[in-house]
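Below is the file upload-v3.pdb, which contains PDB, C-alpha atoms and all ligand atoms.
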```pdb
ATOM      1  CA  MET A  26      22.582  10.550  -9.012  1.00  0.00           C
ATOM      2  CA  LYS A  27      22.516   7.331  -7.041  1.00  0.00           C
ATOM      3  CA  GLU A  28      22.774   4.032  -8.884  1.00  0.00           C
ATOM      4  CA  ILE A  29      19.703   1.856  -8.581  1.00  0.00           C
ATOM      5  CA  GLN A  30      21.760  -0.863  -6.949  1.00  0.00           C
ATOM      6  CA  ASP A  31      22.857   1.552  -4.241  1.00  0.00           C
ATOM      7  CA  LEU A  32      19.330   2.422  -3.112  1.00  0.00           C
ATOM      8  CA  ARG A  33      19.084   0.806   0.285  1.00  0.00           C
ATOM      9  CA  GLU A  34      16.949   1.395   3.374  1.00  0.00           C
ATOM     10  CA  GLN A  35      17.550   0.053   6.828  1.00  0.00           C
ATOM     11  CA  TYR A  36      14.303  -1.162   8.404  1.00  0.00           C
ATOM     12  CA  GLY A  37      13.510  -1.236  12.087  1.00  0.00           C
ATOM     13  CA  LYS A  38      10.272   0.569  12.852  1.00  0.00           C
ATOM     14  CA  GLY A  39       8.622  -2.486  14.371  1.00  0.00           C
ATOM     15  CA  GLU A  40       8.899  -6.098  15.364  1.00  0.00           C
ATOM     16  CA  LEU A  41       6.480  -8.990  14.914  1.00  0.00           C
ATOM     17  CA  LEU A  42       6.551 -11.648  17.586  1.00  0.00           C
ATOM     18  CA  GLU A  43       4.395 -14.761  17.883  1.00  0.00           C
ATOM     19  CA  GLN A  44       3.031 -13.744  21.292  1.00  0.00           C
ATOM     20  CA  ASP A  45       1.716 -10.462  19.851  1.00  0.00           C
ATOM     21  CA  CYS A  46      -0.214 -12.113  17.013  1.00  0.00           C
ATOM     22  CA  SER A  47      -3.995 -12.537  17.183  1.00  0.00           C
ATOM     23  CA  ALA A  48      -5.355 -16.077  16.964  1.00  0.00           C
ATOM     24  CA  ASN A  49      -7.200 -15.156  13.774  1.00  0.00           C
ATOM     25  CA  PRO A  50      -5.491 -13.544  10.776  1.00  0.00           C
ATOM     26  CA  ILE A  51      -8.395 -11.222  10.013  1.00  0.00           C
ATOM     27  CA  ASP A  52      -8.131  -9.845  13.554  1.00  0.00           C
ATOM     28  CA  GLN A  53      -4.404  -9.456  13.018  1.00  0.00           C
ATOM     29  CA  PHE A  54      -5.095  -7.709   9.710  1.00  0.00           C
ATOM     30  CA  ARG A  55      -7.513  -5.350  11.486  1.00  0.00           C
ATOM     31  CA  LEU A  56      -4.783  -4.382  13.967  1.00  0.00           C
ATOM     32  CA  TRP A  57      -2.336  -3.606  11.169  1.00  0.00           C
ATOM     33  CA  TRP A  58      -5.075  -1.911   9.177  1.00  0.00           C
ATOM     34  CA  GLU A  59      -5.718   0.489  12.075  1.00  0.00           C
ATOM     35  CA  ASP A  60      -1.985   1.218  12.217  1.00  0.00           C
ATOM     36  CA  ALA A  61      -1.908   1.839   8.449  1.00  0.00           C
ATOM     37  CA  LEU A  62      -4.886   4.200   8.654  1.00  0.00           C
ATOM     38  CA  SER A  63      -3.347   6.234  11.442  1.00  0.00           C
ATOM     39  CA  SER A  64       0.044   6.357   9.700  1.00  0.00           C
ATOM     40  CA  ASP A  65       0.747   8.753   6.848  1.00  0.00           C
ATOM     41  CA  GLU A  66       0.274   5.931   4.310  1.00  0.00           C
ATOM     42  CA  HIS A  67      -1.468   7.299   1.224  1.00  0.00           C
ATOM     43  CA  GLU A  68      -4.351   5.040   0.106  1.00  0.00           C
ATOM     44  CA  ALA A  69      -3.649   2.291   2.618  1.00  0.00           C
ATOM     45  CA  ASN A  70      -6.404   0.295   0.909  1.00  0.00           C
ATOM     46  CA  ALA A  71      -4.459   0.022  -2.360  1.00  0.00           C
ATOM     47  CA  MET A  72      -3.448  -3.587  -2.922  1.00  0.00           C
ATOM     48  CA  CYS A  73      -1.803  -5.542  -5.694  1.00  0.00           C
ATOM     49  CA  LEU A  74      -4.175  -8.199  -7.032  1.00  0.00           C
ATOM     50  CA  SER A  75      -2.540 -11.142  -8.790  1.00  0.00           C
ATOM     51  CA  THR A  76      -4.215 -13.600 -11.086  1.00  0.00           C
ATOM     52  CA  ILE A  77      -3.137 -16.177 -13.644  1.00  0.00           C
ATOM     53  CA  ASP A  78      -4.325 -16.243 -17.221  1.00  0.00           C
ATOM     54  CA  GLU A  79      -5.404 -19.264 -19.225  1.00  0.00           C
ATOM     55  CA  TYR A  80      -1.795 -19.925 -20.295  1.00  0.00           C
ATOM     56  CA  GLY A  81      -0.490 -19.838 -16.718  1.00  0.00           C
ATOM     57  CA  MET A  82       0.961 -16.338 -17.183  1.00  0.00           C
ATOM     58  CA  PRO A  83       0.781 -14.273 -13.956  1.00  0.00           C
ATOM     59  CA  ASN A  84      -0.743 -10.814 -14.089  1.00  0.00           C
ATOM     60  CA  SER A  85      -0.982  -8.137 -11.431  1.00  0.00           C
ATOM     61  CA  ARG A  86      -2.554  -4.739 -10.957  1.00  0.00           C
ATOM     62  CA  ILE A  87      -3.584  -2.417  -8.147  1.00  0.00           C
ATOM     63  CA  VAL A  88      -7.182  -2.351  -6.919  1.00  0.00           C
ATOM     64  CA  LEU A  89      -8.716  -0.785  -3.832  1.00  0.00           C
ATOM     65  CA  LEU A  90      -9.903  -2.767  -0.841  1.00  0.00           C
ATOM     66  CA  LYS A  91     -13.491  -1.705  -0.249  1.00  0.00           C
ATOM     67  CA  GLY A  92     -14.655  -4.111   2.430  1.00  0.00           C
ATOM     68  CA  LEU A  93     -13.233  -6.287   5.171  1.00  0.00           C
ATOM     69  CA  SER A  94     -15.190  -8.894   7.097  1.00  0.00           C
ATOM     70  CA  ASP A  95     -14.510 -12.140   8.931  1.00  0.00           C
ATOM     71  CA  GLN A  96     -15.122 -13.820   5.550  1.00  0.00           C
ATOM     72  CA  GLY A  97     -12.510 -11.882   3.619  1.00  0.00           C
ATOM     73  CA  PHE A  98     -11.476  -8.952   1.446  1.00  0.00           C
ATOM     74  CA  THR A  99     -13.833  -7.218  -0.991  1.00  0.00           C
ATOM     75  CA  PHE A 100     -12.966  -5.145  -4.055  1.00  0.00           C
ATOM     76  CA  TYR A 101     -14.909  -3.916  -7.100  1.00  0.00           C
ATOM     77  CA  THR A 102     -14.239  -4.024 -10.780  1.00  0.00           C
ATOM     78  CA  ASN A 103     -15.530  -4.754 -14.267  1.00  0.00           C
ATOM     79  CA  TYR A 104     -16.445  -8.457 -14.523  1.00  0.00           C
ATOM     80  CA  ASP A 105     -15.524  -8.502 -18.252  1.00  0.00           C
ATOM     81  CA  SER A 106     -12.076  -6.973 -17.712  1.00  0.00           C
ATOM     82  CA  ARG A 107      -8.915  -8.998 -18.012  1.00  0.00           C
ATOM     83  CA  LYS A 108      -8.834  -9.524 -14.269  1.00  0.00           C
ATOM     84  CA  GLY A 109     -12.531 -10.432 -14.335  1.00  0.00           C
ATOM     85  CA  ARG A 110     -11.807 -13.212 -16.829  1.00  0.00           C
ATOM     86  CA  GLU A 111      -8.831 -14.413 -14.825  1.00  0.00           C
ATOM     87  CA  LEU A 112     -10.736 -14.353 -11.544  1.00  0.00           C
ATOM     88  CA  SER A 113     -13.131 -16.926 -12.983  1.00  0.00           C
ATOM     89  CA  SER A 114     -10.404 -19.465 -12.070  1.00  0.00           C
ATOM     90  CA  GLY A 115     -11.611 -18.929  -8.499  1.00  0.00           C
ATOM     91  CA  LYS A 116      -8.103 -18.242  -7.168  1.00  0.00           C
ATOM     92  CA  ALA A 117      -6.173 -15.041  -6.530  1.00  0.00           C
ATOM     93  CA  ALA A 118      -3.624 -13.338  -4.322  1.00  0.00           C
ATOM     94  CA  ILE A 119      -3.477  -9.831  -2.926  1.00  0.00           C
ATOM     95  CA  ASN A 120      -0.583  -7.911  -1.478  1.00  0.00           C
ATOM     96  CA  PHE A 121      -0.560  -4.767   0.656  1.00  0.00           C
ATOM     97  CA  LEU A 122       2.595  -2.661   0.987  1.00  0.00           C
ATOM     98  CA  TRP A 123       2.552  -0.148   3.818  1.00  0.00           C
ATOM     99  CA  LYS A 124       5.900   1.521   3.235  1.00  0.00           C
ATOM    100  CA  SER A 125       5.683   3.998   6.073  1.00  0.00           C
ATOM    101  CA  LEU A 126       5.342   1.078   8.513  1.00  0.00           C
ATOM    102  CA  GLU A 127       7.799  -1.189   6.678  1.00  0.00           C
ATOM    103  CA  ARG A 128       5.066  -3.804   6.439  1.00  0.00           C
ATOM    104  CA  GLN A 129       3.713  -6.154   3.818  1.00  0.00           C
ATOM    105  CA  VAL A 130       0.672  -8.448   4.007  1.00  0.00           C
ATOM    106  CA  ARG A 131       0.281 -11.282   1.504  1.00  0.00           C
ATOM    107  CA  VAL A 132      -3.001 -13.112   1.104  1.00  0.00           C
ATOM    108  CA  GLN A 133      -3.869 -16.150  -1.039  1.00  0.00           C
ATOM    109  CA  GLY A 134      -7.329 -17.550  -1.322  1.00  0.00           C
ATOM    110  CA  SER A 135     -10.437 -18.373  -3.248  1.00  0.00           C
ATOM    111  CA  VAL A 136     -12.365 -15.642  -4.954  1.00  0.00           C
ATOM    112  CA  SER A 137     -16.016 -15.315  -5.917  1.00  0.00           C
ATOM    113  CA  LYS A 138     -18.504 -12.631  -6.923  1.00  0.00           C
ATOM    114  CA  ILE A 139     -20.479 -10.996  -4.115  1.00  0.00           C
ATOM    115  CA  SER A 140     -24.267 -10.671  -4.345  1.00  0.00           C
ATOM    116  CA  LYS A 141     -25.802  -8.245  -6.802  1.00  0.00           C
ATOM    117  CA  ASP A 142     -27.522  -6.460  -3.896  1.00  0.00           C
ATOM    118  CA  LEU A 143     -24.189  -5.711  -2.230  1.00  0.00           C
ATOM    119  CA  SER A 144     -22.629  -4.581  -5.513  1.00  0.00           C
ATOM    120  CA  GLU A 145     -25.610  -2.362  -6.199  1.00  0.00           C
ATOM    121  CA  ALA A 146     -25.452  -0.741  -2.761  1.00  0.00           C
ATOM    122  CA  TYR A 147     -21.751   0.010  -3.209  1.00  0.00           C
ATOM    123  CA  PHE A 148     -22.182   1.184  -6.816  1.00  0.00           C
ATOM    124  CA  HIS A 149     -24.764   3.736  -5.761  1.00  0.00           C
ATOM    125  CA  SER A 150     -22.570   5.003  -2.944  1.00  0.00           C
ATOM    126  CA  ARG A 151     -19.982   6.097  -5.558  1.00  0.00           C
ATOM    127  CA  PRO A 152     -19.935   9.597  -7.052  1.00  0.00           C
ATOM    128  CA  ARG A 153     -22.297   9.827 -10.044  1.00  0.00           C
ATOM    129  CA  GLU A 154     -19.442  10.629 -12.429  1.00  0.00           C
ATOM    130  CA  SER A 155     -17.619   7.430 -11.383  1.00  0.00           C
ATOM    131  CA  GLN A 156     -20.795   5.443 -11.979  1.00  0.00           C
ATOM    132  CA  ILE A 157     -21.015   6.872 -15.503  1.00  0.00           C
ATOM    133  CA  SER A 158     -17.362   5.998 -16.146  1.00  0.00           C
ATOM    134  CA  ALA A 159     -17.930   2.419 -14.973  1.00  0.00           C
ATOM    135  CA  TYR A 160     -20.857   2.185 -17.346  1.00  0.00           C
ATOM    136  CA  ALA A 161     -18.949   3.637 -20.274  1.00  0.00           C
ATOM    137  CA  SER A 162     -15.619   1.844 -19.994  1.00  0.00           C
ATOM    138  CA  PRO A 163     -15.126  -1.509 -21.737  1.00  0.00           C
ATOM    139  CA  GLN A 164     -12.292  -2.075 -19.253  1.00  0.00           C
ATOM    140  CA  SER A 165      -9.162  -3.777 -20.621  1.00  0.00           C
ATOM    141  CA  LYS A 166     -10.406  -3.779 -24.242  1.00  0.00           C
ATOM    142  CA  ALA A 167      -8.338  -2.057 -26.939  1.00  0.00           C
ATOM    143  CA  VAL A 168     -10.024   1.169 -28.042  1.00  0.00           C
ATOM    144  CA  GLU A 169      -9.549   3.320 -31.102  1.00  0.00           C
ATOM    145  CA  SER A 170      -8.594   6.496 -29.310  1.00  0.00           C
ATOM    146  CA  LYS A 171      -9.188   8.579 -26.202  1.00  0.00           C
ATOM    147  CA  ALA A 172     -11.646  10.632 -28.244  1.00  0.00           C
ATOM    148  CA  GLN A 173     -13.668   7.515 -29.009  1.00  0.00           C
ATOM    149  CA  ILE A 174     -14.132   6.476 -25.368  1.00  0.00           C
ATOM    150  CA  ARG A 175     -14.793  10.078 -24.338  1.00  0.00           C
ATOM    151  CA  ALA A 176     -17.586  10.131 -26.915  1.00  0.00           C
ATOM    152  CA  ILE A 177     -19.006   6.873 -25.543  1.00  0.00           C
ATOM    153  CA  ARG A 178     -18.914   8.321 -22.040  1.00  0.00           C
ATOM    154  CA  ALA A 179     -20.628  11.518 -23.175  1.00  0.00           C
ATOM    155  CA  SER A 180     -23.439   9.566 -24.836  1.00  0.00           C
ATOM    156  CA  ILE A 181     -23.950   7.434 -21.691  1.00  0.00           C
ATOM    157  CA  ALA A 182     -24.073  10.618 -19.577  1.00  0.00           C
ATOM    158  CA  GLU A 183     -26.663  12.021 -21.979  1.00  0.00           C
ATOM    159  CA  GLN A 184     -28.697   8.796 -21.908  1.00  0.00           C
ATOM    160  CA  PHE A 185     -28.910   8.893 -18.103  1.00  0.00           C
ATOM    161  CA  LYS A 186     -29.182  12.654 -17.622  1.00  0.00           C
ATOM    162  CA  ASP A 187     -32.791  12.562 -16.394  1.00  0.00           C
ATOM    163  CA  LEU A 188     -32.381   9.450 -14.270  1.00  0.00           C
ATOM    164  CA  GLU A 189     -31.836  10.068 -10.603  1.00  0.00           C
ATOM    165  CA  GLN A 190     -30.031   6.763 -10.211  1.00  0.00           C
ATOM    166  CA  ILE A 191     -27.644   5.218 -12.725  1.00  0.00           C
ATOM    167  CA  PRO A 192     -28.466   1.493 -12.980  1.00  0.00           C
ATOM    168  CA  LEU A 193     -25.790  -1.003 -11.938  1.00  0.00           C
ATOM    169  CA  PRO A 194     -24.116  -2.273 -15.130  1.00  0.00           C
ATOM    170  CA  ASP A 195     -24.538  -6.046 -15.599  1.00  0.00           C
ATOM    171  CA  ASN A 196     -20.789  -6.453 -15.918  1.00  0.00           C
ATOM    172  CA  TRP A 197     -19.715  -4.529 -12.834  1.00  0.00           C
ATOM    173  CA  GLY A 198     -19.539  -5.562  -9.195  1.00  0.00           C
ATOM    174  CA  GLY A 199     -17.583  -6.918  -6.297  1.00  0.00           C
ATOM    175  CA  TYR A 200     -15.502  -9.947  -5.495  1.00  0.00           C
ATOM    176  CA  ILE A 201     -14.628 -11.386  -2.141  1.00  0.00           C
ATOM    177  CA  LEU A 202     -11.300 -13.073  -1.603  1.00  0.00           C
ATOM    178  CA  ARG A 203     -11.581 -15.641   1.204  1.00  0.00           C
ATOM    179  CA  PRO A 204      -8.115 -16.231   2.608  1.00  0.00           C
ATOM    180  CA  SER A 205      -6.492 -19.627   2.902  1.00  0.00           C
ATOM    181  CA  LYS A 206      -3.082 -18.170   3.826  1.00  0.00           C
ATOM    182  CA  ILE A 207      -2.035 -14.769   5.153  1.00  0.00           C
ATOM    183  CA  GLU A 208       1.502 -13.671   5.803  1.00  0.00           C
ATOM    184  CA  PHE A 209       2.464 -10.640   7.881  1.00  0.00           C
ATOM    185  CA  TRP A 210       5.913  -9.222   7.137  1.00  0.00           C
ATOM    186  CA  GLN A 211       7.690  -6.637   9.267  1.00  0.00           C
ATOM    187  CA  GLY A 212      10.954  -5.151   8.045  1.00  0.00           C
ATOM    188  CA  ARG A 213      13.856  -5.609  10.470  1.00  0.00           C
ATOM    189  CA  PRO A 214      17.456  -4.392  10.623  1.00  0.00           C
ATOM    190  CA  ASP A 215      20.071  -6.126   8.476  1.00  0.00           C
ATOM    191  CA  ARG A 216      17.449  -7.782   6.260  1.00  0.00           C
ATOM    192  CA  PHE A 217      16.581 -10.180   9.119  1.00  0.00           C
ATOM    193  CA  HIS A 218      12.855  -9.569   8.793  1.00  0.00           C
ATOM    194  CA  ASP A 219       9.935 -11.002  10.773  1.00  0.00           C
ATOM    195  CA  ARG A 220       7.478 -13.166   8.826  1.00  0.00           C
ATOM    196  CA  ILE A 221       4.489 -14.872  10.416  1.00  0.00           C
ATOM    197  CA  GLU A 222       2.239 -16.957   8.210  1.00  0.00           C
ATOM    198  CA  TYR A 223      -1.281 -18.069   9.126  1.00  0.00           C
ATOM    199  CA  TYR A 224      -2.500 -21.251   7.470  1.00  0.00           C
ATOM    200  CA  GLN A 225      -5.785 -23.064   7.757  1.00  0.00           C
ATOM    201  CA  VAL A 226      -6.249 -26.205   9.787  1.00  0.00           C
ATOM    202  CA  GLU A 227      -9.413 -28.146  10.657  1.00  0.00           C
ATOM    203  CA  GLY A 228     -11.656 -25.650  12.420  1.00  0.00           C
ATOM    204  CA  GLY A 229      -9.235 -22.739  12.621  1.00  0.00           C
ATOM    205  CA  TRP A 230      -5.862 -21.221  11.967  1.00  0.00           C
ATOM    206  CA  LYS A 231      -2.282 -21.925  12.961  1.00  0.00           C
ATOM    207  CA  THR A 232       0.806 -19.789  12.584  1.00  0.00           C
ATOM    208  CA  ARG A 233       4.375 -20.525  11.647  1.00  0.00           C
ATOM    209  CA  ARG A 234       7.442 -18.329  11.362  1.00  0.00           C
ATOM    210  CA  LEU A 235       9.054 -18.132   7.952  1.00  0.00           C
ATOM    211  CA  ALA A 236      12.712 -17.376   7.395  1.00  0.00           C
ATOM    212  CA  PRO A 237      13.324 -13.848   6.149  1.00  0.00           C
TER     213      PRO A 237
HETATM  214  C1  LIG A 301      -4.310   3.290  -6.868  1.00  0.00           C
HETATM  215  C2  LIG A 301      -5.100   2.493  -7.874  1.00  0.00           C
HETATM  216  C3  LIG A 301      -6.355   2.028  -7.531  1.00  0.00           C
HETATM  217  C4  LIG A 301      -7.107   1.277  -8.446  1.00  0.00           C
HETATM  218  N1  LIG A 301      -8.311   0.758  -8.056  1.00  0.00           N
HETATM  219  C5  LIG A 301      -8.999  -0.033  -8.904  1.00  0.00           C
HETATM  220  C6  LIG A 301     -10.192  -0.694  -8.470  1.00  0.00           C
HETATM  221  O1  LIG A 301     -10.596  -0.633  -7.294  1.00  0.00           O
HETATM  222  N2  LIG A 301     -10.868  -1.437  -9.385  1.00  0.00           N
HETATM  223  C7  LIG A 301     -10.440  -1.572 -10.681  1.00  0.00           C
HETATM  224  O2  LIG A 301     -11.106  -2.244 -11.463  1.00  0.00           O
HETATM  225  N3  LIG A 301      -9.294  -0.984 -11.100  1.00  0.00           N
HETATM  226  C8  LIG A 301      -8.574  -0.228 -10.248  1.00  0.00           C
HETATM  227  N4  LIG A 301      -7.395   0.355 -10.663  1.00  0.00           N
HETATM  228  C9  LIG A 301      -6.952   0.154 -12.081  1.00  0.00           C
HETATM  229  C10 LIG A 301      -6.282  -1.235 -12.208  1.00  0.00           C
HETATM  230  O3  LIG A 301      -4.982  -1.209 -11.670  1.00  0.00           O
HETATM  231  C11 LIG A 301      -6.236  -1.731 -13.658  1.00  0.00           C
HETATM  232  O4  LIG A 301      -5.594  -0.782 -14.470  1.00  0.00           O
HETATM  233  C12 LIG A 301      -7.618  -1.996 -14.246  1.00  0.00           C
HETATM  234  O5  LIG A 301      -8.495  -2.549 -13.295  1.00  0.00           O
HETATM  235  C13 LIG A 301      -7.528  -2.945 -15.441  1.00  0.00           C
HETATM  236  O6  LIG A 301      -6.923  -4.160 -15.028  1.00  0.00           O
HETATM  237  P1  LIG A 301      -7.107  -5.515 -15.865  1.00  0.00           P
HETATM  238  O7  LIG A 301      -6.880  -5.164 -17.303  1.00  0.00           O
HETATM  239  O8  LIG A 301      -6.074  -6.463 -15.342  1.00  0.00           O
HETATM  240  O9  LIG A 301      -8.501  -6.023 -15.617  1.00  0.00           O
HETATM  241  C14 LIG A 301      -6.611   1.052  -9.759  1.00  0.00           C
HETATM  242  C15 LIG A 301      -5.338   1.528 -10.091  1.00  0.00           C
HETATM  243  C16 LIG A 301      -4.583   2.219  -9.162  1.00  0.00           C
HETATM  244  C17 LIG A 301      -3.189   2.660  -9.535  1.00  0.00           C
END
```

Before anything else, please render the file you have as structure tokens.
Amino acid sequence: MKEIQDLREQYGKGELLEQDCSANPIDQFRLWWEDALSSDEHEANAMCLSTIDEYGMPNSRIVLLKGLSDQGFTFYTNYDSRKGRELSSGKAAINFLWKSLERQVRVQGSVSKISKDLSEAYFHSRPRESQISAYASPQSKAVESKAQIRAIRASIAEQFKDLEQIPLPDNWGGYILRPSKIEFWQGRPDRFHDRIEYYQVEGGWKTRRLAP
């Protein structure tokens, strides 16, 4: 078996040059997003969301991107979860890894809850069983056992069995991360990668190349 330290890939599937970059990072993201969707990347919308807790300790977990607009990146979760508490700082970072394209996108920005109407519309577009799970799960809280939360879920399912529509839980909904910086990373041979970072200036965006 190979030693961990000997695992090594040579990159070279693409190149990222200044002249090929869109003026706006969301447009650039859309281009790479299309590439990711048409590649064999599994769950291209999976992204690592990073937050910082009240003691300054970083925390990260995967969530799914569920909306993209000129304003930013939308995802959904439980507002009372650990990440929900940490997102109340108003700051977060997300990171996409598209391995099959040897690409990474890093985003930093401000984060806020989206409107209840938007959360409700998305909630009701989810499969009914997922809606019940969202209702039943006290996400990130310690629970007694799997049997205990299964019982809670079963009683919620029973409670709503005659309702056509499961109501949106008060503690569940979306966030939008509005970018202040976005970096596009393309793997290159010999670890001499391409990195282009967009940063905000008065009235728009500028780019700069970062050393690999
Ligand atoms: C592929 C994948 C997708 C996930 N998508 C979400 C999601 O969209 N929303 C969510 O709340 N948790 C999602 N999770 C679970 C989170 O990673 C995490 O376990 C959960 O949200 C609790 O995180 P927290 O304790 O930091 O709040 C996903 C996990 C994986 C592996």

Starting from the shown file, work through the PyMOL selection byres (((chain A and resi 136) around 12) and not hetatm) and note down what comes out as a ChimeraX atom specification. /A:74-76,96-100,108-109,111-119,132-135,137-139,199-205

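With distances taken over only C-alpha atoms and all ligand atoms, A:Thr102 is the one residue among A:Gln30, A:Ser63, A:Gln35, A:Thr102 lying closest to ligand LIG 301 (chain A).
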
Residue neighbourhood range 188-198 of chain A, 6 Å, all atoms listed in the file, exclusion window fewer than 5 positions, as a count of residues only: 7

Can you spell out as a list of chain:residue names the set of residues that the PyMOL selection byres (((chain A and resi 131) around 7) and not hetatm) selects in the structure I just provided?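 Selected by the PyMOL selection byres (((chain A and resi 131) around 7) and not hetatm) in this file: A:Ile119, A:Asn120, A:Phe121, A:Gln129, A:Val130, A:Val132, A:Gln133, A:Ile207, A:Glu208, A:Phe209.
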
What separates atom C10 of ligand LIG 301 (chain A) and CA of Ala159 in chain A is a distance of 12.5 Å

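In terms of minimum interatomic distance to ligand LIG 301 (chain A), A:Asp78 ranks closest within A:Glu28, A:Asp78, A:Asp52, A:Glu34, counting all atoms listed in the file.
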
Please provide as a PyMOL selection string all residues within 12 Å of Arg55 in chain A, with the sequence filter that same-chain residues fewer than 2 positions apart are discarded (counting all atoms listed in the file). chain A and resi 46-47+49-53+57-62+92-95+97-98+130+209

Could you work out an axis-aligned bounding box for all listed atoms of range 137-147 of chain A, with 8 Å added on each of the six sides, and give its centre and edge lengths in Å to one decimal, as JSON?
```
{"center_x": -21.8, "center_y": -7.7, "center_z": -4.6, "size_x": 27.5, "size_y": 31.3, "size_z": 20.7}
```

In the coordinate frame of the file, compute which residues have an atom within 6 Å of (0.9, -18.3, 13.5) when using all atoms listed in the file, and state them as a count of residues only. 6

Hey, can you check how far CA of Ile174 in chain A sits from CA of Ser158 in chain A?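 Straight-line distance from CA of Ile174 in chain A to CA of Ser158 in chain A works out to 9.8 Å.
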
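With all atoms listed in the file as the atoms that count, the minimum distance from ligand LIG 301 (chain A) to the choices A:Asp105, A:Glu43, A:Glu154, A:Glu227 is reached by A:Asp105.
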
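In this comparison, which uses only C-alpha atoms and all ligand atoms, the residue of A:Lys166, A:Arg86, A:Arg213, A:Arg153 approaching ligand LIG 301 (chain A) most closely is A:Arg86.
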
Using all atoms listed in the file for the distances, tell me which of A:Met82, A:Ile87, A:Ala236, A:Ala172 is nearest to Leu122 in chain A.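 Looking only at the distances to Leu122 in chain A, the closest residue turns out to be A:Ile87.
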
One residue among A:Pro163, A:Gly81, A:Pro237, A:Pro152 is nearest to Trp210 in chain A when using only C-alpha atoms, and that residue is A:Pro237

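Residues in contact with Gly37 in chain A at up to 10 Å, not including ones fewer than 2 positions away on its chain and judged by all atoms listed in the file, are Glu34, Gln35, Gly39, Glu40, Leu126, Glu127, Gln211, Gly212, Arg213, Pro214, Asp215, Arg216, Phe217 and His218 of chain A.
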
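Picture a line from atom C7 of ligand LIG 301 (chain A) to CA of Arg128 in chain A; it runs 23.2 Å.
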
Applied to this file, what does the PyMOL selection byres (((chain A and resi 178) around 9) and not hetatm) return in terms of residues, put as a PyMOL selection string? chain A and resi 157-158+160-162+173-177+179-183
